[in-house]
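Peer 1: This is upload.cif, which holds mmCIF, C-alpha atoms and all ligand atoms:
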data_target
loop_
_atom_site.label_atom_id
_atom_site.label_comp_id
_atom_site.auth_asym_id
_atom_site.auth_seq_id
_atom_site.Cartn_x
_atom_site.Cartn_y
_atom_site.Cartn_z
CA MET A 1 -15.59 1.57 -32.21
CA ILE A 2 -17.40 3.08 -29.28
CA LYS A 3 -19.26 1.02 -26.78
CA ARG A 4 -22.81 2.06 -27.36
CA ARG A 5 -22.50 0.11 -30.59
CA THR A 6 -22.05 -3.08 -28.59
CA ILE A 7 -25.06 -4.85 -30.08
CA VAL A 8 -24.10 -3.90 -33.63
CA SER A 9 -20.53 -5.05 -33.18
CA TYR A 10 -21.73 -8.26 -31.58
CA LEU A 11 -23.94 -9.00 -34.58
CA ILE A 12 -21.04 -8.24 -36.90
CA SER A 13 -18.93 -10.73 -34.99
CA LEU A 14 -21.67 -13.34 -35.26
CA VAL A 15 -21.88 -12.87 -39.01
CA ALA A 16 -18.09 -12.85 -39.33
CA GLY A 17 -18.00 -16.06 -37.34
CA LEU A 18 -20.10 -17.79 -39.95
CA VAL A 19 -17.70 -16.99 -42.77
CA ILE A 20 -16.00 -20.29 -43.25
CA SER A 21 -12.36 -20.42 -44.17
CA SER A 22 -11.38 -24.02 -44.66
CA ALA A 23 -8.49 -23.64 -47.11
CA ALA A 24 -5.78 -23.53 -44.47
CA PHE A 25 -7.09 -26.35 -42.34
CA ALA A 26 -4.62 -29.04 -43.23
CA HIS A 27 -4.57 -30.83 -39.91
CA GLY A 28 -2.22 -33.58 -38.85
CA PRO A 29 -3.34 -36.88 -37.33
CA GLY A 30 -3.68 -36.80 -33.57
CA CYS A 31 -4.32 -33.05 -33.44
CA PRO A 32 -7.12 -31.60 -31.30
CA ALA A 33 -10.06 -30.76 -33.52
CA PHE A 34 -10.74 -27.19 -34.56
CA ALA A 35 -14.38 -26.32 -34.10
CA PRO A 36 -15.67 -26.65 -37.66
CA GLY A 37 -17.16 -23.81 -39.63
CA GLN A 38 -16.54 -21.07 -37.13
CA THR A 39 -13.27 -19.55 -38.21
CA SER A 40 -12.85 -16.49 -40.37
CA SER A 41 -10.06 -14.02 -40.93
CA ASN A 42 -10.85 -12.26 -37.67
CA VAL A 43 -12.91 -14.60 -35.49
CA VAL A 44 -12.12 -18.03 -34.10
CA GLU A 45 -14.49 -20.12 -32.12
CA GLN A 46 -13.42 -23.19 -30.21
CA GLN A 47 -15.25 -25.73 -28.12
CA PHE A 48 -13.69 -27.74 -25.31
CA PRO A 49 -12.92 -30.54 -25.13
CA PRO A 50 -11.93 -30.26 -28.81
CA ASN A 51 -12.84 -33.90 -29.42
CA GLY A 52 -16.11 -34.78 -27.74
CA PRO A 53 -19.30 -33.12 -26.51
CA MET A 54 -18.88 -29.39 -25.86
CA GLU A 55 -18.57 -28.34 -22.22
CA THR A 56 -17.13 -24.83 -22.61
CA ALA A 57 -16.20 -22.64 -25.56
CA TRP A 58 -14.42 -19.42 -26.53
CA ARG A 59 -15.23 -17.03 -29.34
CA VAL A 60 -12.35 -14.64 -29.95
CA ARG A 61 -12.22 -11.71 -32.34
CA PHE A 62 -8.81 -10.28 -33.21
CA ALA A 63 -6.93 -8.05 -35.62
CA ASN A 64 -3.39 -7.34 -36.70
CA ALA A 65 -1.79 -4.20 -38.01
CA THR A 66 1.53 -2.52 -38.60
CA ALA A 67 2.68 -0.63 -35.48
CA LYS A 68 0.11 -2.50 -33.40
CA GLY A 69 0.92 -6.16 -33.83
CA LEU A 70 -1.72 -8.73 -32.86
CA TYR A 71 -4.55 -7.67 -30.56
CA ILE A 72 -7.90 -8.89 -29.28
CA THR A 73 -11.03 -6.94 -30.16
CA GLY A 74 -13.54 -9.12 -28.34
CA ALA A 75 -13.76 -12.38 -26.41
CA TRP A 76 -16.86 -14.28 -25.32
CA PHE A 77 -16.99 -17.38 -23.13
CA LYS A 78 -19.62 -20.08 -22.88
CA LYS A 79 -19.31 -21.79 -19.50
CA GLY A 80 -21.66 -24.66 -20.30
CA PRO A 81 -23.40 -26.20 -23.31
CA SER A 82 -26.72 -24.53 -22.50
CA GLU A 83 -25.23 -21.26 -21.21
CA PRO A 84 -25.30 -18.10 -23.32
CA TRP A 85 -22.18 -16.52 -24.78
CA MET A 86 -20.94 -14.02 -22.21
CA ARG A 87 -18.62 -11.16 -23.10
CA VAL A 88 -15.33 -11.17 -21.15
CA LEU A 89 -13.04 -8.83 -23.10
CA TRP A 90 -13.88 -5.76 -25.11
CA ASP A 91 -10.23 -5.32 -26.10
CA ALA A 92 -6.83 -6.55 -24.92
CA ARG A 93 -3.49 -5.57 -26.38
CA LEU A 94 0.00 -4.31 -25.92
CA ALA A 95 -0.49 -0.54 -25.91
CA ASP A 96 3.28 -0.27 -26.26
CA ILE A 97 6.60 -2.01 -25.64
CA PHE A 98 9.04 0.12 -23.65
CA VAL A 99 12.74 -0.74 -23.98
CA PRO A 100 15.11 1.35 -21.86
CA TYR A 101 18.83 0.49 -21.92
CA HIS A 102 20.76 0.44 -18.67
CA PRO A 103 23.01 3.47 -19.43
CA GLY A 104 19.85 5.64 -19.65
CA SER A 105 19.56 5.67 -23.41
CA PRO A 106 18.26 4.68 -25.82
CA ARG A 107 14.68 4.38 -24.48
CA TYR A 108 12.55 2.93 -27.24
CA TYR A 109 8.76 2.77 -27.49
CA ASP A 110 8.54 -0.01 -30.03
CA LEU A 111 4.88 0.41 -30.99
CA THR A 112 4.33 4.16 -30.87
CA ASN A 113 7.75 5.42 -32.04
CA PHE A 114 8.04 3.13 -35.06
CA SER A 115 5.97 1.42 -37.75
CA PHE A 116 7.07 -2.16 -37.29
CA PRO A 117 5.17 -4.82 -39.29
CA LEU A 118 4.33 -8.37 -38.34
CA VAL A 119 6.48 -11.18 -39.69
CA ASN A 120 4.88 -13.55 -42.21
CA ALA A 121 3.97 -16.78 -40.44
CA THR A 122 5.54 -20.03 -41.63
CA ALA A 123 4.50 -23.67 -41.62
CA LEU A 124 7.13 -24.29 -38.95
CA ASP A 125 5.50 -21.63 -36.75
CA ALA A 126 2.13 -23.32 -37.14
CA GLY A 127 3.39 -26.87 -36.64
CA ALA A 128 1.40 -29.94 -37.60
CA CYS A 129 -1.68 -28.83 -35.64
CA GLY A 130 -1.67 -25.11 -36.35
CA ASN A 131 -3.41 -22.91 -38.85
CA ILE A 132 -2.19 -19.63 -40.40
CA ILE A 133 -4.71 -16.78 -40.63
CA ASP A 134 -4.19 -13.69 -42.74
CA GLY A 135 -0.62 -14.78 -43.45
CA LYS A 136 0.54 -13.47 -40.07
CA VAL A 137 -1.40 -15.06 -37.23
CA ILE A 138 -0.90 -18.58 -35.87
CA HIS A 139 -4.06 -20.28 -34.61
CA GLN A 140 -3.51 -23.38 -32.51
CA VAL A 141 -5.54 -25.70 -30.31
CA SER A 142 -3.49 -27.90 -28.05
CA SER A 143 -3.36 -29.90 -24.86
CA ARG A 144 -2.17 -27.96 -21.84
CA GLY A 145 -1.46 -31.12 -19.87
CA VAL A 146 -2.90 -31.95 -16.48
CA SER A 147 -5.61 -29.55 -15.33
CA TRP A 148 -6.51 -31.54 -12.22
CA LYS A 149 -5.67 -34.82 -10.48
CA ASP A 150 -7.52 -36.87 -7.86
CA ASP A 151 -5.44 -39.97 -7.24
CA THR A 152 -5.87 -42.02 -10.40
CA ALA A 153 -8.48 -39.70 -11.89
CA VAL A 154 -7.08 -36.98 -14.14
CA GLY A 155 -8.34 -34.09 -16.25
CA ILE A 156 -6.41 -33.08 -19.37
CA GLY A 157 -6.95 -29.44 -20.28
CA HIS A 158 -6.89 -27.74 -23.66
CA GLU A 159 -6.33 -24.23 -24.90
CA LEU A 160 -6.83 -22.04 -27.93
CA SER A 161 -3.90 -19.78 -28.76
CA LEU A 162 -3.36 -16.95 -31.21
CA TRP A 163 0.08 -15.49 -31.74
CA ALA A 164 2.10 -13.42 -34.14
CA THR A 165 5.58 -11.93 -34.28
CA LEU A 166 6.42 -8.25 -34.54
CA ASP A 167 9.48 -7.47 -36.67
CA SER A 168 10.95 -4.83 -34.39
CA ALA A 169 14.09 -4.04 -36.47
CA ASN A 170 16.83 -6.33 -35.09
CA TYR A 171 14.42 -7.65 -32.48
CA ASN A 172 11.33 -9.88 -32.58
CA TYR A 173 8.40 -9.76 -30.19
CA ILE A 174 6.00 -12.65 -29.99
CA MET A 175 2.51 -11.49 -28.98
CA ARG A 176 0.56 -14.46 -27.65
CA TYR A 177 -3.01 -14.72 -26.40
CA VAL A 178 -4.14 -18.00 -24.84
CA PHE A 179 -7.73 -18.91 -24.00
CA GLN A 180 -8.02 -21.97 -21.78
CA ASP A 181 -10.97 -24.34 -21.47
CA ASP A 182 -11.42 -23.28 -17.80
CA GLY A 183 -11.99 -19.63 -18.72
CA THR A 184 -8.43 -18.49 -17.97
CA ILE A 185 -6.80 -16.05 -20.40
CA LYS A 186 -3.01 -15.76 -20.64
CA LEU A 187 -1.48 -12.64 -22.17
CA ARG A 188 2.18 -13.00 -23.07
CA ILE A 189 4.99 -11.09 -24.71
CA GLY A 190 8.08 -13.00 -25.80
CA ALA A 191 11.32 -11.17 -26.61
CA THR A 192 13.85 -12.77 -28.95
CA SER A 193 16.18 -12.34 -31.94
CA ARG A 194 19.23 -10.11 -32.33
CA ASN A 195 20.60 -7.83 -29.64
CA LEU A 196 20.91 -4.15 -30.55
CA PRO A 197 23.68 -3.69 -33.14
CA TYR A 198 26.82 -2.07 -31.64
CA SER A 199 25.31 -2.57 -28.15
CA GLU A 200 25.13 -6.34 -28.14
CA TYR A 201 26.40 -6.60 -24.56
CA THR A 202 24.39 -3.70 -23.07
CA ALA A 203 21.75 -4.79 -20.56
CA HIS A 204 18.24 -3.46 -21.01
CA MET A 205 14.58 -4.12 -20.27
CA HIS A 206 11.67 -5.09 -22.49
CA ASN A 207 8.43 -3.99 -20.85
CA GLY A 208 5.07 -5.14 -22.16
CA LEU A 209 2.65 -2.27 -21.56
CA TRP A 210 -0.76 -3.95 -21.52
CA ARG A 211 -4.14 -2.30 -21.83
CA ILE A 212 -6.92 -4.73 -20.89
CA ASP A 213 -10.50 -3.56 -21.30
CA MET A 214 -12.43 -6.31 -19.54
CA ASP A 215 -16.19 -6.02 -19.91
CA LEU A 216 -17.49 -8.83 -17.76
CA ASN A 217 -20.94 -9.74 -19.03
CA GLY A 218 -21.01 -6.39 -20.79
CA PHE A 219 -19.36 -3.07 -20.05
CA ARG A 220 -21.71 -1.95 -17.31
CA ASN A 221 -21.44 -2.60 -13.57
CA ASP A 222 -17.78 -3.64 -13.37
CA SER A 223 -15.70 -2.77 -10.31
CA ALA A 224 -11.93 -2.89 -9.85
CA LEU A 225 -10.75 -4.34 -6.54
CA LEU A 226 -7.39 -4.76 -4.85
CA TYR A 227 -6.62 -8.22 -3.54
CA SER A 228 -4.04 -8.39 -0.78
CA HIS A 229 -2.61 -11.00 1.59
CA SER A 230 -1.31 -10.14 5.05
CA GLU A 231 0.58 -12.33 7.50
CA PRO A 232 1.67 -10.20 10.45
CA GLY A 233 1.90 -13.12 12.87
CA ILE A 234 1.00 -16.77 12.83
CA ALA A 235 -2.42 -15.96 11.36
CA ALA A 236 -2.87 -14.69 7.82
CA THR A 237 -5.74 -12.81 6.25
CA ASP A 238 -6.75 -11.95 2.71
CA SER A 239 -8.64 -8.82 1.80
CA LEU A 240 -10.54 -7.50 -1.18
CA THR A 241 -11.14 -3.76 -1.11
CA PRO A 242 -12.15 -1.13 -3.66
CA PHE A 243 -9.13 -0.34 -5.82
CA ASN A 244 -7.54 2.94 -4.71
CA GLY A 245 -10.61 3.71 -2.62
CA GLY A 246 -12.85 3.20 -5.64
CA VAL A 247 -11.31 5.79 -7.95
CA GLU A 248 -8.72 5.78 -10.74
CA GLY A 249 -5.11 5.28 -9.74
CA GLY A 250 -2.12 2.94 -9.65
CA VAL A 251 -0.66 0.33 -7.32
CA GLU A 252 2.74 -1.30 -6.93
CA ILE A 253 2.83 -5.07 -6.66
CA ASP A 254 4.04 -6.29 -3.27
CA HIS A 255 5.05 -9.92 -3.57
CA GLU A 256 4.61 -10.40 0.19
CA LYS A 257 0.99 -9.37 -0.31
CA PHE A 258 0.34 -11.43 -3.45
CA THR A 259 -1.03 -8.25 -5.00
CA GLU A 260 -3.72 -8.71 -7.63
CA VAL A 261 -6.36 -6.56 -9.26
CA HIS A 262 -9.79 -8.12 -9.60
CA VAL A 263 -12.56 -7.05 -11.93
CA ARG A 264 -15.99 -8.02 -10.60
CA ASP A 265 -19.40 -7.70 -12.17
CA GLU A 266 -21.71 -6.20 -9.54
CA VAL A 267 -24.86 -7.66 -11.07
CA THR A 268 -24.09 -11.10 -12.46
CA LYS A 269 -23.91 -13.90 -9.91
CA ASN A 270 -23.22 -17.62 -10.14
CA ALA A 271 -25.58 -20.30 -8.81
CA HIS A 272 -24.29 -19.74 -5.27
CA GLY A 273 -25.19 -16.08 -5.34
CA ARG A 274 -21.57 -14.95 -5.62
CA ASN A 275 -20.61 -12.21 -8.06
CA ILE A 276 -18.54 -13.34 -11.03
CA SER A 277 -15.04 -11.89 -11.31
CA TYR A 278 -11.61 -12.25 -12.87
CA GLU A 279 -8.24 -12.11 -11.08
CA PHE A 280 -5.39 -10.28 -12.83
CA LYS A 281 -2.27 -12.22 -11.84
CA PRO A 282 1.18 -10.89 -12.83
CA VAL A 283 3.79 -13.16 -14.43
CA ARG A 284 7.19 -11.58 -13.89
CA PHE A 285 10.58 -11.86 -12.21
CA GLY A 286 11.05 -8.36 -10.83
CA ALA A 287 9.72 -4.82 -10.58
CA PRO A 288 10.48 -2.32 -13.37
CA ARG A 289 10.90 1.04 -11.59
CA HIS A 290 12.12 3.20 -14.46
CA SER A 291 12.12 6.96 -14.00
CA GLU A 292 8.99 7.55 -16.10
CA ALA A 293 5.79 8.29 -14.17
CA PHE A 294 3.84 5.42 -15.77
CA ALA A 295 6.50 2.97 -14.51
CA GLN A 296 6.07 3.94 -10.86
CA GLU A 297 3.12 1.56 -10.55
CA ASP A 298 2.58 -2.02 -11.78
CA PHE A 299 -1.19 -1.84 -12.22
CA TRP A 300 -3.27 1.16 -13.15
CA VAL A 301 -7.04 1.21 -13.35
CA THR A 302 -8.99 3.88 -15.21
CA ARG A 303 -12.58 4.41 -16.16
CA TYR A 304 -13.00 3.48 -19.85
CA ARG A 305 -12.64 6.44 -22.16
CA TYR A 306 -12.46 5.92 -25.92
CA SER A 307 -9.61 8.40 -26.31
CA GLU A 308 -7.42 6.92 -23.54
CA LYS A 309 -5.13 4.40 -25.20
CA THR A 310 -1.55 5.59 -24.67
CA TYR A 311 0.35 3.95 -21.85
CA ASP A 312 3.13 6.48 -21.33
CA VAL A 313 0.68 9.28 -20.48
CA ILE A 314 -1.46 7.12 -18.25
CA ASP A 315 -0.94 9.33 -15.19
CA SER A 316 -2.72 12.09 -17.10
CA TYR A 317 -5.82 9.86 -17.39
CA VAL A 318 -6.07 9.54 -13.61
CA ASN A 319 -8.48 12.28 -12.59
CA GLY A 320 -10.66 10.90 -9.85
CA GLU A 321 -13.26 9.06 -11.92
CA SER A 322 -14.95 6.10 -10.29
CA VAL A 323 -13.77 2.57 -11.01
CA THR A 324 -16.60 1.06 -8.98
CA ASN A 325 -19.76 -0.17 -10.70
CA ASN A 326 -18.56 1.37 -13.94
CA ASP A 327 -16.72 0.50 -17.18
CA VAL A 328 -13.08 -0.07 -16.21
CA VAL A 329 -9.75 -0.61 -17.97
CA VAL A 330 -6.77 -2.35 -16.30
CA TRP A 331 -3.24 -1.43 -17.37
CA HIS A 332 -0.21 -3.52 -16.47
CA ILE A 333 3.54 -3.35 -17.04
CA SER A 334 5.18 -6.77 -17.48
CA PRO A 335 8.97 -6.59 -17.54
CA LEU A 336 11.71 -8.72 -19.05
CA HIS A 337 15.17 -8.01 -17.70
CA HIS A 338 17.73 -8.82 -20.39
CA ASP A 339 21.34 -9.03 -19.27
CA PRO A 340 23.12 -10.35 -22.40
CA ARG A 341 24.92 -13.66 -22.18
CA ASP A 342 26.94 -15.76 -24.56
CA GLU A 343 23.83 -17.79 -25.33
CA ASP A 344 22.55 -14.65 -27.14
CA GLY A 345 25.32 -14.95 -29.71
CA TYR A 346 28.91 -13.83 -30.36
CA PHE A 347 31.04 -11.99 -32.87
CA ILE A 348 32.67 -13.62 -35.86
CA GLY A 349 34.99 -10.81 -36.95
CA ASN A 350 32.71 -7.78 -37.03
CA SER A 351 29.47 -9.63 -37.53
CA TRP A 352 27.17 -10.93 -34.82
CA HIS A 353 26.22 -14.59 -34.98
CA GLY A 354 23.23 -15.87 -33.04
CA VAL A 355 20.02 -14.71 -31.41
CA ALA A 356 18.69 -14.27 -27.88
CA LEU A 357 16.45 -17.15 -26.84
CA VAL A 358 12.87 -16.16 -26.23
CA MET A 359 12.01 -14.74 -22.77
CA TRP A 360 8.39 -14.39 -21.59
CA SER A 361 6.36 -12.14 -19.33
CA GLY A 362 2.72 -11.08 -19.10
CA LEU A 363 -0.24 -11.80 -16.90
CA ASP A 364 -2.98 -14.34 -16.34
CA LEU A 365 -6.65 -13.48 -16.09
CA ARG A 366 -8.27 -16.22 -14.00
CA PRO A 367 -11.99 -16.62 -13.27
CA ARG A 368 -13.26 -16.47 -9.71
CA ASN A 369 -16.81 -17.69 -9.01
CA LEU A 370 -17.58 -17.59 -12.72
CA PHE A 371 -18.45 -21.29 -12.65
CA ASP A 372 -20.70 -22.94 -10.06
CA ALA A 373 -18.28 -25.84 -9.58
CA THR A 374 -15.02 -27.31 -10.90
CA PRO A 375 -15.10 -26.92 -14.69
CA HIS A 376 -14.58 -30.04 -16.81
CA PHE A 377 -15.07 -32.30 -13.77
CA PRO A 378 -17.20 -35.37 -14.44
CU CU B 401 16.74 -7.84 -25.09
#
Could you show the structure in this file as structure tokens?
Peer 2:
Amino acid sequence: MIKRRTIVSYLISLVAGLVISSAAFAHGPGCPAFAPGQTSSNVVEQQFPPNGPMETAWRVRFANATAKGLYITGAWFKKGPSEPWMRVLWDARLADIFVPYHPGSPRYYDLTNFSFPLVNATALDAGACGNIIDGKVIHQVSSRGVSWKDDTAVGIGHELSLWATLDSANYNYIMRYVFQDDGTIKLRIGATSRNLPYSEYTAHMHNGLWRIDMDLNGFRNDSALLYSHSEPGIAATDSLTPFNGGVEGGVEIDHEKFTEVHVRDEVTKNAHGRNISYEFKPVRFGAPRHSEAFAQEDFWVTRYRYSEKTYDVIDSYVNGESVTNNDVVVWHISPLHHDPRDEDGYFIGNSWHGVALVMWSGLDLRPRNLFDATPHFP
């Protein structure tokens, strides 16, 4: 779908959102309430708090497919009961999963080199409060615990999550998308299941290769910015500058600089006159500097092009186009370093017994100046 069909696709999503699917809504006592009547096979809508008058809400459109897994094809946020739905995501997904083994080979691209299906979801996956959509996707609404404290006053946050599991031969990848009541989006990949047969003790990496097409209040007028912290002496400063001088390119994360990419809408402002934006915050334990060109940077930003969807040729997309006041796409590599341990399993004779416990990486997309004040604060 190309972007000039935005209005058409939006109307389709509205219609789809009215298709009620109530068959799978067996819901245990004490569970947060699903927003009624707004769930179909490819759209979920959720108000927050789930029980009580609506303060914020998410509408999320998604899809699943062999060789692609679970992915988001649209997300809209409502930051107040009388506020309009505002588009946040056009599309967000794992463009690929890159798995190089320490000896140098194999080097798998688990989405583009294979045709791995999703695993059928089970009642245990869904739990007492979950819902299974399309046989593959788990839809849950749950407490996320304390969202703020002020002495004896406390706010309890909630989140909507969608997840599914890719059956990547011996391995399983959990693809999880979380939409919090405060506008935060969490993108996660979880790696688990059986280590590579005949190489059970060989260390390797699982890299989530994310492509995030954020269209903040629509696809026009978005700028990518580089956020950086500096502390040369006793005084520290923070800076926000045009990403790569305002044109396409890549950047390495420097943990001493708290490197982030921000996407800011240059037109839409909050009540204080500040432009709305989102911070792209990495969630990882190290830097994956594999030999491939795409792995030399942690974030890439390109101008949106319909044909540009393949992570491992991303350097070929970088050709000087503006990422200021434009339609931008943020790409991010989130690594998992897997050095096998006995907790992954062991041999009984010639057969492996056990699985690697799930490991997570990804990134958070957090609003900045989207609200006018603390969300969900009385
Ligand atoms: Cu592994």
Peer 1: Name the residues, by chain letter and number, that sit within 10 Å of ligand CU 401 (chain B) using all atoms listed in the file, and give them as a PyMOL selection string.
Peer 2: chain A and resi 99-101+171-173+191-196+200-206+336-340+344+355-359
Peer 1: Which is closest to Ser168 in chain A among A:Phe116, A:Trp148, A:Trp331, A:Trp58, if we use all atoms listed in the file?
Peer 2: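 Smallest distance to Ser168 in chain A is found for A:Phe116.
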Peer 1: Could you tell me how far CA of Gly345 in chain A sits from CA of Pro106 in chain A, in Å to one decimal place?
Peer 2: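 CA of Gly345 in chain A lies at a distance of 21.2 Å from CA of Pro106 in chain A.
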Peer 1: Could you please determine the separation between CA of Glu55 in chain A and CA of Val146 in chain A in Å, to one decimal place?
Peer 2: 17.1 Å
Peer 1: Mind pulling up the distance from CA of Asp222 in chain A to CA of Ala63 in chain A?
Peer 2: 25.1 Å
Peer 1: Taking only C-alpha atoms into account, name the residue in A:Ser351, A:Thr122, A:Leu94, A:Phe114 that is nearest to Pro197 in chain A.
Peer 2: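 Smallest distance to Pro197 in chain A is found for A:Ser351.
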Peer 1: Using all atoms listed in the file, which residues sit within 9 Å of Pro288 in chain A once same-chain residues fewer than 2 positions away are excluded, as a ChimeraX atom specification?
Peer 2: /A:205,207,286,290,295-298,333-337
Peer 1: Which of these residues is nearest to Gly74 in chain A, using all atoms listed in the file: A:Asp134, A:Ser230, A:Trp163, A:Ile212?
Peer 2: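 Counting all atoms listed in the file, the residue closest to Gly74 in chain A is A:Ile212.
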Peer 1: What lies within 12 Å of Asn51 in chain A using only C-alpha atoms, ignoring chain neighbours under 6 positions off, as a VMD selection string?
Peer 2: chain A and resid 30 to 36 141 to 143 156 to 158
Peer 1: Can you write range 125-132 of chain A from the block above with all heavy atoms, as a short mmCIF file (atom, residue, chain, number, x, y, z; two decimals), in the first residue's frame?
Peer 2:
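As written to disk, selection.cif reads:
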data_model
loop_
_atom_site.label_atom_id
_atom_site.label_comp_id
_atom_site.auth_asym_id
_atom_site.auth_seq_id
_atom_site.Cartn_x
_atom_site.Cartn_y
_atom_site.Cartn_z
N ASP A 125 -0.54 -19.94 26.04
CA ASP A 125 0.06 -18.68 25.59
C ASP A 125 -0.81 -17.50 26.00
O ASP A 125 -0.33 -16.48 26.50
CB ASP A 125 0.17 -18.64 24.05
CG ASP A 125 1.18 -19.62 23.49
OD1 ASP A 125 2.18 -19.90 24.17
OD2 ASP A 125 0.95 -20.11 22.37
N ALA A 126 -2.12 -17.64 25.76
CA ALA A 126 -3.04 -16.53 25.99
C ALA A 126 -3.25 -16.26 27.47
O ALA A 126 -3.45 -15.12 27.88
CB ALA A 126 -4.37 -16.80 25.30
N GLY A 127 -3.21 -17.31 28.29
CA GLY A 127 -3.48 -17.13 29.71
C GLY A 127 -4.95 -16.80 29.95
O GLY A 127 -5.75 -16.68 29.02
N ALA A 128 -5.29 -16.61 31.21
CA ALA A 128 -6.69 -16.39 31.57
C ALA A 128 -7.24 -15.10 30.97
O ALA A 128 -8.44 -14.99 30.72
CB ALA A 128 -6.82 -16.35 33.09
N CYS A 129 -6.38 -14.11 30.74
CA CYS A 129 -6.86 -12.79 30.30
C CYS A 129 -6.60 -12.54 28.83
O CYS A 129 -6.88 -11.45 28.34
CB CYS A 129 -6.22 -11.70 31.14
SG CYS A 129 -6.66 -11.77 32.88
N GLY A 130 -6.04 -13.49 28.12
CA GLY A 130 -5.68 -13.25 26.73
C GLY A 130 -6.72 -13.74 25.75
O GLY A 130 -7.69 -14.43 26.11
N ASN A 131 -6.48 -13.40 24.50
CA ASN A 131 -7.42 -13.69 23.43
C ASN A 131 -6.58 -14.10 22.22
O ASN A 131 -5.54 -13.49 21.96
CB ASN A 131 -8.21 -12.39 23.16
CG ASN A 131 -9.09 -12.46 21.95
OD1 ASN A 131 -9.71 -13.48 21.70
ND2 ASN A 131 -9.12 -11.37 21.20
N ILE A 132 -6.99 -15.15 21.51
CA ILE A 132 -6.23 -15.59 20.34
C ILE A 132 -6.92 -15.08 19.08
O ILE A 132 -8.13 -15.26 18.92
CB ILE A 132 -6.11 -17.13 20.31
CG1 ILE A 132 -5.32 -17.61 21.53
CG2 ILE A 132 -5.45 -17.60 19.02
CD1 ILE A 132 -5.31 -19.12 21.70
#
